[in-house]
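Enquirer: Once you've had a glance at the structure underneath, I'll fire off some questions.
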Amino acid sequence: MKPSRVYWFLSVALFVASLLHVAYGAGWLVSASWTPQQSLIFWELRLPRLLTALSVGAGLAIAGVALQALFRNPLAEPGLVGVSAGSAFGAVFMMVVGSWLWQEISWWQIGGMAFFSGLATIGALYWIATRNGRTDVAMMLLAGVAFNAIFGASTQFLMTVSDALQLQSVTFWLMGSLANLAWHSVLILAVISLLAAFGLLALLKPMNAFVLGEETCLHMGYDPKHFKWRVMVLSALIVAASVAAVGVIGFVGLVVPHMIRLLVGADHRAVLPLSAFGGALLLVLADLFAKQLFAPVELPIGLLMAMLGGPFFLWLLMQNRRAV
Amino acid sequence: MFEIRQLSYTCNGQVLLQPMDVKLRSGQIHVLLGENGAGKSTLLRCLSGALHTMQGEVLLDGKLLAEWSLPELAKKRAHLGQRQENAFAFSVRQLVALGLEVQGPGKQDDSQLQEILHCFDLHDLAERSISTLSGGELQRAHFARTIAQIWPTESHGEQRFSGKWLLLDEWYAGLDLKHQISLLRKMKQWCHEGLSIVMVVHDLHLAQALADRCLLLKNGELLFYGSAQEALQPDRLRQLLEVEVHVDNEQGYLRVDF
């Protein structure tokens, strides 16, 4: 399919989904004139939540594309390989340890720690799974299992021994939630995701070359070392911003790029920007379901994504098994 | 012209290339012959600039490889390695286009893409995903992607490949006889048009059919460098490959004893 048609389709779908997302909720927001209360709900609850869903969805999807290019394998994904869990651990670590050291911990400290811990996870993963410019897929996925176990347990441990996190529920960090985000957090998340996305957009040509092999990339005139560093830093930025804001949400970076590739092929110049649209759409829809399905009880959105993405991942593995 | 000065390479205490001095002239086909592990691919990677921890110097057109910028080098020489990564399902057309794009924006147009696809008999496969290709088809696609990088864009004169270098590591892997022969003829043609080629070859018949000059490598040491006719002699090949070869110099005939 032509990428331009997919752009059109995704833009229209995204627009409609966004309208539904802000309109639906505990009480319709569709009327000729709003009461002050409705106006407050729109400006302070619905709109920031929509922006969060858009930023996180788009960000996680392109972080997925970037990591897949880095590992030269379409199965890499921030959640699956433990990068999100690493970021979450960094954030929680700063909250717990920081609360012993300082009176107050800023968003930047938490986000910064999430970033460095996520970046370290990517680096360690690359070191473990890639030798002589070749990625061992089994090693990558197994190391991801290990990282998820280690960071998941460490995060829970920190939260068990600390009472500083009473306000933040365990499910928030392990399952993700888009609710109750203040405007300034939303803006920081959106700006960081946007900047990192532009950084990745500048790497689309070397990205196409890099997936053909590290040496091939060099032979085609792009420095693979620079490329690797940039992709690691930029995807760690995106993942950290989203994890610090909304917790761990998995599978977005796996499902969306795969669907987009089925539609437009492997060229990253189409796949990366379209994945941003697709990821935003997926998360807006998922969040709509998360808050409406069992209203007034809200499902953690990470739970919903795992229920969706888990079977999808199994299906992908089966496809791979058949191909071999 | 490639000039190799006192080039040697040691990796993890293992000597892969012993010091050697060689000059490779433009417009010729140079064939690297030797046993497995003799250092052929390593030498090729030294020439391409992929290895930079070697001792000694490699100069391309009088300029150290390290002084070339990567994008400039990419338009000057192309390298086809032994193994390719194919996890992402580009179409054959996209793959070859990726090679052409190396030459910069606006430099590629559809006619060059068509010409390359035609040369490599890839027309009917152009829209196929590379993940569905057979081994030989895939090799042709990557060969096409490789040469696209240095495919002539502006001058269409007699020496349209002038100054370009093609470095090939077992380019014939998986190719059927028909395509081996057709590409062999094309490579000779391109050399007449100024292209310079360095290739690793195991098949002595291919070597004989293609080589202007031969480099004989054994255990990382350059045993001999000179004309193909001098290189492809029974005693030399016995020493190099430990096989018995009969050569009839009159008729250019070569036979390996099994």
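FYI, nothing fancy with the structure tokens labels: chains A, B, ... in order, residues from 1 per chain, ligands from 1 as they appear.
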Can you pull out every residue within 9 Å of region 30-32 of chain B, counting only C-alpha atoms, but drop anything in the same chain fewer than 2 positions away, and send it as a ChimeraX atom specification?
Expert: /B:24-25,28,34,40-41,44,196-202,207,210-217,228
Enquirer: Deliver the residues from the most recent selection as a file, using C-alpha atoms, as a compact mmCIF listing (two decimals), in the first residue's frame.
Expert:
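Generated file (part-v7.txt):
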# COMPACT_ATOMS: atom_id res chain seq x y z
CA LEU B 24 46.74 -2.48 -7.38
CA ARG B 25 46.25 -0.71 -10.68
CA GLN B 28 41.95 -4.47 -13.83
CA GLY B 34 44.21 -19.00 -1.01
CA LYS B 40 41.71 -13.06 1.86
CA SER B 41 38.59 -11.55 3.38
CA LEU B 44 39.60 -7.17 1.35
CA SER B 196 38.63 -1.88 -10.98
CA ILE B 197 37.75 -5.10 -9.18
CA VAL B 198 39.32 -7.02 -6.32
CA MET B 199 37.67 -10.35 -5.63
CA VAL B 200 38.08 -13.39 -3.43
CA VAL B 201 37.57 -16.53 -5.50
CA HIS B 202 37.90 -20.25 -4.76
CA ALA B 207 39.91 -17.14 -11.49
CA LEU B 210 38.49 -13.33 -14.90
CA ALA B 211 41.86 -12.47 -13.46
CA ASP B 212 44.24 -9.92 -14.90
CA ARG B 213 46.38 -10.09 -11.79
CA CYS B 214 46.45 -12.61 -8.95
CA LEU B 215 47.38 -12.29 -5.30
CA LEU B 216 48.26 -15.62 -3.73
CA LEU B 217 47.82 -15.65 0.05
CA ALA B 228 47.28 -14.35 -13.85
Enquirer: Do me a favour and pick out the residues of chain A within 9 Å of chain B, using only C-alpha atoms, as a PyMOL selection string.
Expert: chain A and resi 69+72-74+134+205+208-209+211-213+215-216+218-223+261+265-267
Enquirer: Keeping only C-alpha atoms, take the residues you just selected and write them out as a tab-separated table (two decimals), in the first residue's frame.
Expert:
chain	number	residue	atom	x	y	z
A	69	ALA	CA	16.89	-1.37	13.83
A	72	ARG	CA	18.44	-5.74	13.43
A	73	ASN	CA	15.44	-7.74	14.52
A	74	PRO	CA	11.70	-6.96	14.40
A	134	ARG	CA	25.66	-9.72	14.65
A	205	LYS	CA	18.91	6.77	5.94
A	208	ASN	CA	18.00	1.51	6.44
A	209	ALA	CA	21.69	0.76	5.90
A	211	VAL	CA	19.70	-3.16	9.32
A	212	LEU	CA	21.65	-4.64	6.39
A	213	GLY	CA	24.60	-5.17	8.72
A	215	GLU	CA	29.84	-3.37	8.13
A	216	THR	CA	27.45	-2.85	5.24
A	218	LEU	CA	29.96	1.53	7.07
A	219	HIS	CA	30.54	0.54	3.46
A	220	MET	CA	27.48	2.55	2.46
A	221	GLY	CA	29.02	5.65	3.98
A	222	TYR	CA	27.33	5.91	7.39
A	223	ASP	CA	29.25	5.59	10.63
A	261	ARG	CA	5.52	-2.96	7.90
A	265	GLY	CA	7.13	-2.62	3.62
A	266	ALA	CA	10.45	-2.28	5.42
A	267	ASP	CA	11.65	1.22	4.41
Enquirer: What is the CA of Lys218 (chain B)-CA of Glu35 (chain B) distance in Å, reported with one decimal?
Expert: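 Rounded to one decimal, the two atoms are 6.8 Å apart.
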Enquirer: In Å, rounded to a single decimal, give me how far CA of Leu204 (chain B) is from CA of His118 (chain B).
Expert: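 It comes out at 27.7 Å.
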Enquirer: Select from region 2-245 of chain B everything DSSP, run on the backbone, classes as strand (DSSP E or B), then give the selection as a PyMOL selection string.
Expert: chain B and resi 2-11+14-24+29-34+55-60+63-64+77-80+91+129+165-169+196-200+213-218+221-227+245
Enquirer: So, with only C-alpha atoms as the atoms that count, which of B:His192, B:Asp235, B:Ile181, B:Leu16 lies closest to Ala209 (chain B)?
Expert: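 The closest residue to Ala209 (chain B) is B:Ile181.
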Enquirer: I'd like to know which residues of region 165-250 of chain A are helix (DSSP H, G or I) (by DSSP, run on the backbone); could you write them as a PyMOL selection string?
Expert: chain A and resi 170-175+183-201+204-210+214-219+224-246
Enquirer: If you keep C-alpha atoms, can you produce a file of those selected residues as a JSON list (two decimals), in the first residue's frame?
Expert:
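After the write, again_28.json holds the following:
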[["chain", "number", "residue", "atom", "x", "y", "z"],
["A", 170, "VAL", "CA", 2.47, -0.67, 42.54],
["A", 171, "THR", "CA", 0.29, -1.28, 39.55],
["A", 172, "PHE", "CA", 1.10, 2.16, 38.22],
["A", 173, "TRP", "CA", 4.77, 1.30, 37.77],
["A", 174, "LEU", "CA", 4.25, -2.24, 36.63],
["A", 175, "MET", "CA", 1.09, -1.85, 34.58],
["A", 183, "TRP", "CA", -0.11, 19.70, 32.77],
["A", 184, "HIS", "CA", 3.56, 20.37, 33.35],
["A", 185, "SER", "CA", 4.37, 16.63, 33.34],
["A", 186, "VAL", "CA", 2.38, 16.20, 30.15],
["A", 187, "LEU", "CA", 4.25, 19.04, 28.49],
["A", 188, "ILE", "CA", 7.67, 17.75, 29.52],
["A", 189, "LEU", "CA", 6.72, 14.29, 28.22],
["A", 190, "ALA", "CA", 5.42, 15.71, 24.94],
["A", 191, "VAL", "CA", 8.43, 17.95, 24.33],
["A", 192, "ILE", "CA", 11.02, 15.25, 25.10],
["A", 193, "SER", "CA", 9.21, 12.70, 22.95],
["A", 194, "LEU", "CA", 8.91, 15.19, 20.12],
["A", 195, "LEU", "CA", 12.58, 16.21, 20.24],
["A", 196, "ALA", "CA", 13.77, 12.61, 20.37],
["A", 197, "ALA", "CA", 11.43, 11.74, 17.52],
["A", 198, "PHE", "CA", 12.99, 14.48, 15.38],
["A", 199, "GLY", "CA", 16.42, 13.12, 16.33],
["A", 200, "LEU", "CA", 15.40, 9.71, 15.06],
["A", 201, "LEU", "CA", 13.87, 11.18, 11.91],
["A", 204, "LEU", "CA", 16.35, 7.28, 8.73],
["A", 205, "LYS", "CA", 18.91, 6.77, 5.94],
["A", 206, "PRO", "CA", 21.60, 5.18, 8.11],
["A", 207, "MET", "CA", 18.81, 3.17, 9.76],
["A", 208, "ASN", "CA", 18.00, 1.51, 6.44],
["A", 209, "ALA", "CA", 21.69, 0.76, 5.90],
["A", 210, "PHE", "CA", 22.31, -0.40, 9.46],
["A", 214, "GLU", "CA", 27.04, -3.08, 10.67],
["A", 215, "GLU", "CA", 29.84, -3.37, 8.13],
["A", 216, "THR", "CA", 27.45, -2.85, 5.24],
["A", 217, "CYS", "CA", 26.35, 0.36, 6.96],
["A", 218, "LEU", "CA", 29.96, 1.53, 7.07],
["A", 219, "HIS", "CA", 30.54, 0.54, 3.46],
["A", 224, "PRO", "CA", 27.66, 2.67, 12.51],
["A", 225, "LYS", "CA", 29.19, 3.74, 15.84],
["A", 226, "HIS", "CA", 27.58, 7.17, 15.72],
["A", 227, "PHE", "CA", 24.33, 5.63, 14.65],
["A", 228, "LYS", "CA", 24.31, 3.13, 17.51],
["A", 229, "TRP", "CA", 25.02, 5.77, 20.13],
["A", 230, "ARG", "CA", 22.37, 8.10, 18.87],
["A", 231, "VAL", "CA", 19.72, 5.42, 18.63],
["A", 232, "MET", "CA", 20.52, 4.18, 22.13],
["A", 233, "VAL", "CA", 20.35, 7.65, 23.67],
["A", 234, "LEU", "CA", 17.25, 8.77, 21.77],
["A", 235, "SER", "CA", 15.25, 5.62, 22.44],
["A", 236, "ALA", "CA", 16.30, 5.67, 26.10],
["A", 237, "LEU", "CA", 15.06, 9.27, 26.26],
["A", 238, "ILE", "CA", 11.68, 8.38, 24.83],
["A", 239, "VAL", "CA", 11.23, 5.31, 27.00],
["A", 240, "ALA", "CA", 12.35, 7.14, 30.15],
["A", 241, "ALA", "CA", 10.02, 10.08, 29.53],
["A", 242, "SER", "CA", 7.06, 7.80, 29.00],
["A", 243, "VAL", "CA", 7.86, 5.43, 31.88],
["A", 244, "ALA", "CA", 8.47, 8.30, 34.31],
["A", 245, "ALA", "CA", 5.12, 9.80, 33.31],
["A", 246, "VAL", "CA", 2.83, 6.79, 32.99]]
